[in-house]
$ cat start14.pdb   # PDB, C-alpha atoms
ATOM      1  CA  MET A   1      28.114  -4.272   3.956
ATOM      2  CA  ALA A   2      24.442  -5.105   4.304
ATOM      3  CA  TYR A   3      22.178  -4.930   1.265
ATOM      4  CA  GLN A   4      19.864  -1.927   1.142
ATOM      5  CA  ASP A   5      16.841  -1.607  -1.039
ATOM      6  CA  PRO A   6      17.078   0.803  -3.985
ATOM      7  CA  HIS A   7      14.760   3.422  -2.470
ATOM      8  CA  SER A   8      16.947   4.096   0.529
ATOM      9  CA  GLN A   9      20.080   3.965  -1.629
ATOM     10  CA  THR A  10      18.609   6.588  -3.943
ATOM     11  CA  GLU A  11      17.747   8.818  -1.004
ATOM     12  CA  LYS A  12      21.265   8.402   0.321
ATOM     13  CA  VAL A  13      22.760   9.461  -3.033
ATOM     14  CA  ILE A  14      20.477  12.514  -3.240
ATOM     15  CA  PHE A  15      21.485  13.537   0.284
ATOM     16  CA  HIS A  16      25.195  13.143  -0.507
ATOM     17  CA  VAL A  17      24.866  15.177  -3.730
ATOM     18  CA  TYR A  18      23.013  17.901  -1.796
ATOM     19  CA  ASN A  19      25.730  18.005   0.872
ATOM     20  CA  TYR A  20      28.434  18.154  -1.803
ATOM     21  CA  PHE A  21      26.772  21.113  -3.527
ATOM     22  CA  LYS A  22      26.257  22.786  -0.158
ATOM     23  CA  THR A  23      29.980  22.406   0.576
ATOM     24  CA  LEU A  24      30.830  23.943  -2.812
ATOM     25  CA  ALA A  25      28.430  26.831  -2.182
ATOM     26  CA  GLY A  26      30.116  27.586   1.154
ATOM     27  CA  ASP A  27      33.648  27.549  -0.304
ATOM     28  CA  LYS A  28      35.106  31.055   0.157
ATOM     29  CA  GLY A  29      38.208  30.328  -1.957
ATOM     30  CA  LYS A  30      36.310  30.036  -5.245
ATOM     31  CA  PRO A  31      33.557  32.699  -5.347
ATOM     32  CA  GLU A  32      32.487  31.945  -8.957
ATOM     33  CA  ILE A  33      31.753  28.310  -8.064
ATOM     34  CA  SER A  34      30.117  29.224  -4.777
ATOM     35  CA  ASN A  35      27.751  31.684  -6.516
ATOM     36  CA  PHE A  36      26.796  28.974  -9.018
ATOM     37  CA  PHE A  37      25.794  26.535  -6.265
ATOM     38  CA  ARG A  38      23.853  29.018  -4.069
ATOM     39  CA  GLN A  39      20.579  27.275  -4.822
ATOM     40  CA  THR A  40      21.715  23.840  -3.717
ATOM     41  CA  ARG A  41      18.305  22.176  -3.557
ATOM     42  CA  GLU A  42      17.304  23.255  -7.056
ATOM     43  CA  THR A  43      20.697  22.205  -8.426
ATOM     44  CA  THR A  44      20.474  18.833  -6.663
ATOM     45  CA  ALA A  45      16.982  18.226  -8.059
ATOM     46  CA  GLU A  46      18.135  19.094 -11.564
ATOM     47  CA  GLU A  47      21.298  16.981 -11.431
ATOM     48  CA  CYS A  48      19.652  13.942  -9.815
ATOM     49  CA  GLY A  49      16.586  14.065 -12.065
ATOM     50  CA  VAL A  50      14.051  14.257  -9.228
ATOM     51  CA  SER A  51      11.582  16.895  -8.124
ATOM     52  CA  LEU A  52      12.398  19.711  -5.748
ATOM     53  CA  ALA A  53       9.841  18.350  -3.279
ATOM     54  CA  CYS A  54      11.687  15.011  -3.271
ATOM     55  CA  VAL A  55      14.984  16.730  -2.495
ATOM     56  CA  LYS A  56      13.350  18.742   0.308
ATOM     57  CA  ARG A  57      11.852  15.595   1.822
ATOM     58  CA  VAL A  58      15.148  13.682   1.613
ATOM     59  CA  CYS A  59      17.087  16.602   3.132
ATOM     60  CA  ALA A  60      14.601  16.912   5.981
ATOM     61  CA  GLU A  61      14.846  13.175   6.676
ATOM     62  CA  GLY A  62      18.651  13.290   6.440
ATOM     63  CA  LYS A  63      18.833  16.201   8.874
ATOM     64  CA  LYS A  64      16.589  14.341  11.301
ATOM     65  CA  LEU A  65      18.787  11.264  11.098
ATOM     66  CA  SER A  66      21.980  13.242  11.662
ATOM     67  CA  VAL A  67      22.716  13.549  15.367
ATOM     68  CA  GLY A  68      24.006  17.131  15.414
ATOM     69  CA  GLU A  69      24.428  20.232  13.304
ATOM     70  CA  ASN A  70      28.165  19.601  13.043
ATOM     71  CA  GLN A  71      27.558  16.202  11.505
ATOM     72  CA  LEU A  72      25.226  17.421   8.752
ATOM     73  CA  ALA A  73      27.637  16.213   6.097
ATOM     74  CA  ALA A  74      28.201  12.981   7.980
ATOM     75  CA  GLU A  75      26.450   9.898   6.777
ATOM     76  CA  PRO A  76      23.049   9.435   8.433
ATOM     77  CA  SER A  77      22.289   6.114  10.084
ATOM     78  CA  SER A  78      19.802   4.928   7.447
ATOM     79  CA  PHE A  79      16.974   6.225   5.297
ATOM     80  CA  LYS A  80      13.611   4.500   5.423
ATOM     81  CA  SER A  81      12.132   2.952   2.335
ATOM     82  CA  PRO A  82       8.437   2.585   1.669
ATOM     83  CA  LYS A  83       7.178  -0.797   2.792
ATOM     84  CA  LYS A  84       5.681  -3.176   0.295
ATOM     85  CA  ILE A  85       1.978  -3.708   0.854
ATOM     86  CA  TYR A  86       0.937  -7.325   0.821
ATOM     87  CA  LYS A  87      -2.629  -8.369   0.224
ATOM     88  CA  ARG A  88      -3.876 -10.453   3.083
ATOM     89  CA  ALA A  89      -5.115 -13.916   2.133
ATOM     90  CA  LYS A  90      -8.873 -14.328   2.578
ATOM     91  CA  PRO A  91      -9.500 -18.075   2.700
ATOM     92  CA  MET A  92     -13.147 -17.791   3.780
ATOM     93  CA  THR A  93     -14.271 -15.680   0.827
ATOM     94  CA  ASN A  94     -11.963 -17.067  -1.881
ATOM     95  CA  LEU A  95     -13.698 -20.324  -2.676
ATOM     96  CA  ASP A  96     -12.935 -22.583  -5.606
ATOM     97  CA  ASP A  97     -15.368 -23.038  -8.495
ATOM     98  CA  PHE A  98     -16.966 -26.160  -7.014
ATOM     99  CA  ASP A  99     -17.791 -24.438  -3.702
ATOM    100  CA  ASN A 100     -19.051 -21.355  -5.553
ATOM    101  CA  GLU A 101     -21.484 -23.568  -7.453
ATOM    102  CA  VAL A 102     -22.612 -25.148  -4.175
ATOM    103  CA  VAL A 103     -23.363 -21.658  -2.834
ATOM    104  CA  ARG A 104     -25.230 -20.751  -6.030
ATOM    105  CA  ARG A 105     -27.302 -23.953  -5.923
ATOM    106  CA  THR A 106     -28.041 -23.422  -2.224
ATOM    107  CA  VAL A 107     -29.452 -19.936  -2.886
ATOM    108  CA  HIS A 108     -31.566 -21.220  -5.784
ATOM    109  CA  SER A 109     -32.816 -24.148  -3.693
ATOM    110  CA  PHE A 110     -34.150 -21.690  -1.097
ATOM    111  CA  TYR A 111     -36.143 -19.979  -3.833
ATOM    112  CA  GLY A 112     -37.296 -23.403  -5.088
ATOM    113  CA  ASN A 113     -38.614 -24.234  -1.599
ATOM    114  CA  GLY A 114     -40.466 -20.914  -1.416
ATOM    115  CA  GLN A 115     -38.166 -19.433   1.240
ATOM    116  CA  TYR A 116     -36.253 -16.192   1.184
ATOM    117  CA  PRO A 117     -32.520 -16.820   1.498
ATOM    118  CA  THR A 118     -30.812 -14.818   4.234
ATOM    119  CA  SER A 119     -27.139 -14.887   5.009
ATOM    120  CA  ALA A 120     -27.840 -16.712   8.273
ATOM    121  CA  LYS A 121     -29.891 -19.429   6.497
ATOM    122  CA  ILE A 122     -27.267 -19.758   3.748
ATOM    123  CA  LEU A 123     -24.513 -20.015   6.362
ATOM    124  CA  GLY A 124     -26.331 -22.866   8.124
ATOM    125  CA  ALA A 125     -26.896 -24.707   4.849
ATOM    126  CA  LEU A 126     -23.274 -24.253   3.768
ATOM    127  CA  HIS A 127     -22.049 -25.515   7.126
ATOM    128  CA  GLU A 128     -24.020 -28.727   6.573
ATOM    129  CA  LYS A 129     -23.129 -29.173   2.879
ATOM    130  CA  ILE A 130     -19.444 -28.235   2.594
ATOM    131  CA  ASN A 131     -18.467 -27.764   6.249
ATOM    132  CA  TYR A 132     -18.022 -24.018   5.736
ATOM    133  CA  SER A 133     -16.620 -22.290   8.830
ATOM    134  CA  GLY A 134     -16.844 -18.628   7.793
ATOM    135  CA  SER A 135     -19.040 -15.889   9.213
ATOM    136  CA  GLN A 136     -22.219 -14.235   7.958
ATOM    137  CA  TRP A 137     -20.159 -11.341   6.586
ATOM    138  CA  SER A 138     -18.029 -13.793   4.630
ATOM    139  CA  VAL A 139     -21.198 -15.293   3.161
ATOM    140  CA  ARG A 140     -22.328 -11.793   2.149
ATOM    141  CA  HIS A 141     -18.993 -11.186   0.400
ATOM    142  CA  ILE A 142     -19.273 -14.512  -1.416
ATOM    143  CA  LEU A 143     -22.820 -13.691  -2.540
ATOM    144  CA  ARG A 144     -21.675 -10.283  -3.846
ATOM    145  CA  SER A 145     -18.800 -11.907  -5.742
ATOM    146  CA  LEU A 146     -21.303 -14.314  -7.328
ATOM    147  CA  ASN A 147     -23.354 -11.276  -8.483
ATOM    148  CA  PHE A 148     -26.265 -11.868  -6.112
ATOM    149  CA  LYS A 149     -27.950  -8.664  -4.959
ATOM    150  CA  TYR A 150     -30.148  -7.846  -2.023
ATOM    151  CA  GLU A 151     -33.345  -6.350  -3.406
ATOM    152  CA  LYS A 152     -36.641  -5.366  -1.877
ATOM    153  CA  CYS A 153     -39.336  -8.020  -2.327
ATOM    154  CA  ASN A 154     -42.894  -7.399  -3.515
ATOM    155  CA  ASP A 155     -44.278  -7.934  -0.011
ATOM    156  CA  GLY A 156     -42.161  -5.089   1.373
ATOM    157  CA  ARG A 157     -39.373  -7.185   2.917
TER     158      ARG A 157
END

$ encode --input "start14.pdb" --output "C-alpha cells"
Amino acid sequence: MAYQDPHSQTEKVIFHVYNYFKTLAGDKGKPEISNFFRQTRETTAEECGVSLACVKRVCAEGKKLSVGENQLAAEPSSFKSPKKIYKRAKPMTNLDDFDNEVVRRTVHSFYGNGQYPTSAKILGALHEKINYSGSQWSVRHILRSLNFKYEKCNDGR
C-alpha cells in the first residue's frame, strides 16, 4: 500500500464515515436508528470533529471521484491534498552582507561624485565591481531591502 499524506487520509475517513451513516439512515429494518441518522452530514461533522462545510466539500469530491451512482459507497480512486507551497530561491536579490555593503558604498560613491544614482548606473557599477549579473529590477529590490528610497530631488527630478 502506497503512503498517502494525512490530508487525503482524513478526507477518506470522513467520506467513509458519511457513507456509513448514510447506510444506517437508509436501513428499513431498524426505523429508530434510521431516524437518528437522517441528517447524515451534520452527524458526520459532529462525530469527526470538522465543520459541516468540510463534510460537504469532501462528499462532493468523493461523489465526483466515484464512477457511478451505484458505487457511491465504493472507495473513490484518491482524494487530492493541498500542495505545499515552496518559496522560490531568488539568488539575484539575496546577496550576502559583503555584497550588500558593496551596493551601499556604490550608491554613496555616486552621491560623493555629485551624480544621481539610478538603477541603470548602479547596475553598471555592480557589474564591474562584483560581476553582478542581475537585472535593473533586481537592483531595485536590493536597494529597497537596504532601505534606500526613491525621493524627488530639489531640482524637480

$ closest_residue --input "start14.pdb" --among "A:Thr43, A:Gly114, A:Val13, A:Val102" --to "Ala25 of chain A" --atoms "all atoms listed in the file"
A:Thr43

$ closest_residue --input "start14.pdb" --among "A:Asn35, A:Val58, A:Pro91, A:His127" --to "Phe79 of chain A" --atoms "all atoms listed in the file"
A:Val58

$ resolve_selection --input "start14.pdb" --expression "the PyMOL selection byres ((chain A and resi 106) around 12)" --output "PDB file with C-alpha atoms, in the coordinates of the input"
ATOM      1  CA  ASP A  99     -17.791 -24.438  -3.702  1.00  0.00           C
ATOM      2  CA  ASN A 100     -19.051 -21.355  -5.553  1.00  0.00           C
ATOM      3  CA  GLU A 101     -21.484 -23.568  -7.453  1.00  0.00           C
ATOM      4  CA  VAL A 102     -22.612 -25.148  -4.175  1.00  0.00           C
ATOM      5  CA  VAL A 103     -23.363 -21.658  -2.834  1.00  0.00           C
ATOM      6  CA  ARG A 104     -25.230 -20.751  -6.030  1.00  0.00           C
ATOM      7  CA  ARG A 105     -27.302 -23.953  -5.923  1.00  0.00           C
ATOM      8  CA  VAL A 107     -29.452 -19.936  -2.886  1.00  0.00           C
ATOM      9  CA  HIS A 108     -31.566 -21.220  -5.784  1.00  0.00           C
ATOM     10  CA  SER A 109     -32.816 -24.148  -3.693  1.00  0.00           C
ATOM     11  CA  PHE A 110     -34.150 -21.690  -1.097  1.00  0.00           C
ATOM     12  CA  TYR A 111     -36.143 -19.979  -3.833  1.00  0.00           C
ATOM     13  CA  GLY A 112     -37.296 -23.403  -5.088  1.00  0.00           C
ATOM     14  CA  ASN A 113     -38.614 -24.234  -1.599  1.00  0.00           C
ATOM     15  CA  GLN A 115     -38.166 -19.433   1.240  1.00  0.00           C
ATOM     16  CA  TYR A 116     -36.253 -16.192   1.184  1.00  0.00           C
ATOM     17  CA  PRO A 117     -32.520 -16.820   1.498  1.00  0.00           C
ATOM     18  CA  THR A 118     -30.812 -14.818   4.234  1.00  0.00           C
ATOM     19  CA  SER A 119     -27.139 -14.887   5.009  1.00  0.00           C
ATOM     20  CA  LYS A 121     -29.891 -19.429   6.497  1.00  0.00           C
ATOM     21  CA  ILE A 122     -27.267 -19.758   3.748  1.00  0.00           C
ATOM     22  CA  LEU A 123     -24.513 -20.015   6.362  1.00  0.00           C
ATOM     23  CA  GLY A 124     -26.331 -22.866   8.124  1.00  0.00           C
ATOM     24  CA  ALA A 125     -26.896 -24.707   4.849  1.00  0.00           C
ATOM     25  CA  LEU A 126     -23.274 -24.253   3.768  1.00  0.00           C
ATOM     26  CA  HIS A 127     -22.049 -25.515   7.126  1.00  0.00           C
ATOM     27  CA  GLU A 128     -24.020 -28.727   6.573  1.00  0.00           C
ATOM     28  CA  LYS A 129     -23.129 -29.173   2.879  1.00  0.00           C
ATOM     29  CA  ILE A 130     -19.444 -28.235   2.594  1.00  0.00           C
ATOM     30  CA  VAL A 139     -21.198 -15.293   3.161  1.00  0.00           C
ATOM     31  CA  LEU A 143     -22.820 -13.691  -2.540  1.00  0.00           C
TER      32      LEU A 143
END

$ resolve_selection --input "start14.pdb" --expression "the PyMOL selection byres ((chain A and resi 12) around 9)" --output "ChimeraX atom specification"
/A:7-11,13-17,58,62,75-76,78-79

$ atom_distance --input "start14.pdb" --atom1 "atom CA of Val50 of chain A" --atom2 "atom CA of Lys30 of chain A"
27.6 Å

$ atom_distance --input "start14.pdb" --atom1 "atom CA of Phe148 of chain A" --atom2 "atom CA of Lys90 of chain A"
19.6 Å

$ resolve_selection --input "start14.pdb" --expression "the PyMOL selection byres ((chain A and resi 93) around 10)" --output "NGL selection string"
:A and (89-92 or 94-96 or 100 or 134-135 or 137-143 or 145)

$ atom_distance --input "start14.pdb" --atom1 "atom CA of Phe36 of chain A" --atom2 "atom CA of Thr23 of chain A"
12.1 Å

$ closest_residue --input "start14.pdb" --among "A:Leu52, A:Lys80, A:Tyr20, A:Asn154" --to "Leu65 of chain A" --atoms "all atoms listed in the file"
A:Lys80

$ residues_around --input "start14.pdb" --residues "Val55 of chain A" --least-positions-apart "4" --cutoff "10 Å" --atoms "all atoms listed in the file" --output "JSON, numbers by chain"
{"A": [11, 14, 15, 18, 40, 41, 42, 43, 44, 45, 46, 48, 50, 51, 59, 60, 61]}

$ closest_residue --input "start14.pdb" --among "A:Tyr132, A:Arg88, A:Lys63, A:Lys149" --to "Asn19 of chain A" --atoms "all atoms listed in the file"
A:Lys63

$ axis_aligned_box --input "start14.pdb" --around "segment 21-37 of chain A" --padding-each-side "4 Å" --output "JSON"
{"center_x": 32.0, "center_y": 26.9, "center_z": -3.9, "size_x": 20.4, "size_y": 19.6, "size_z": 18.2}
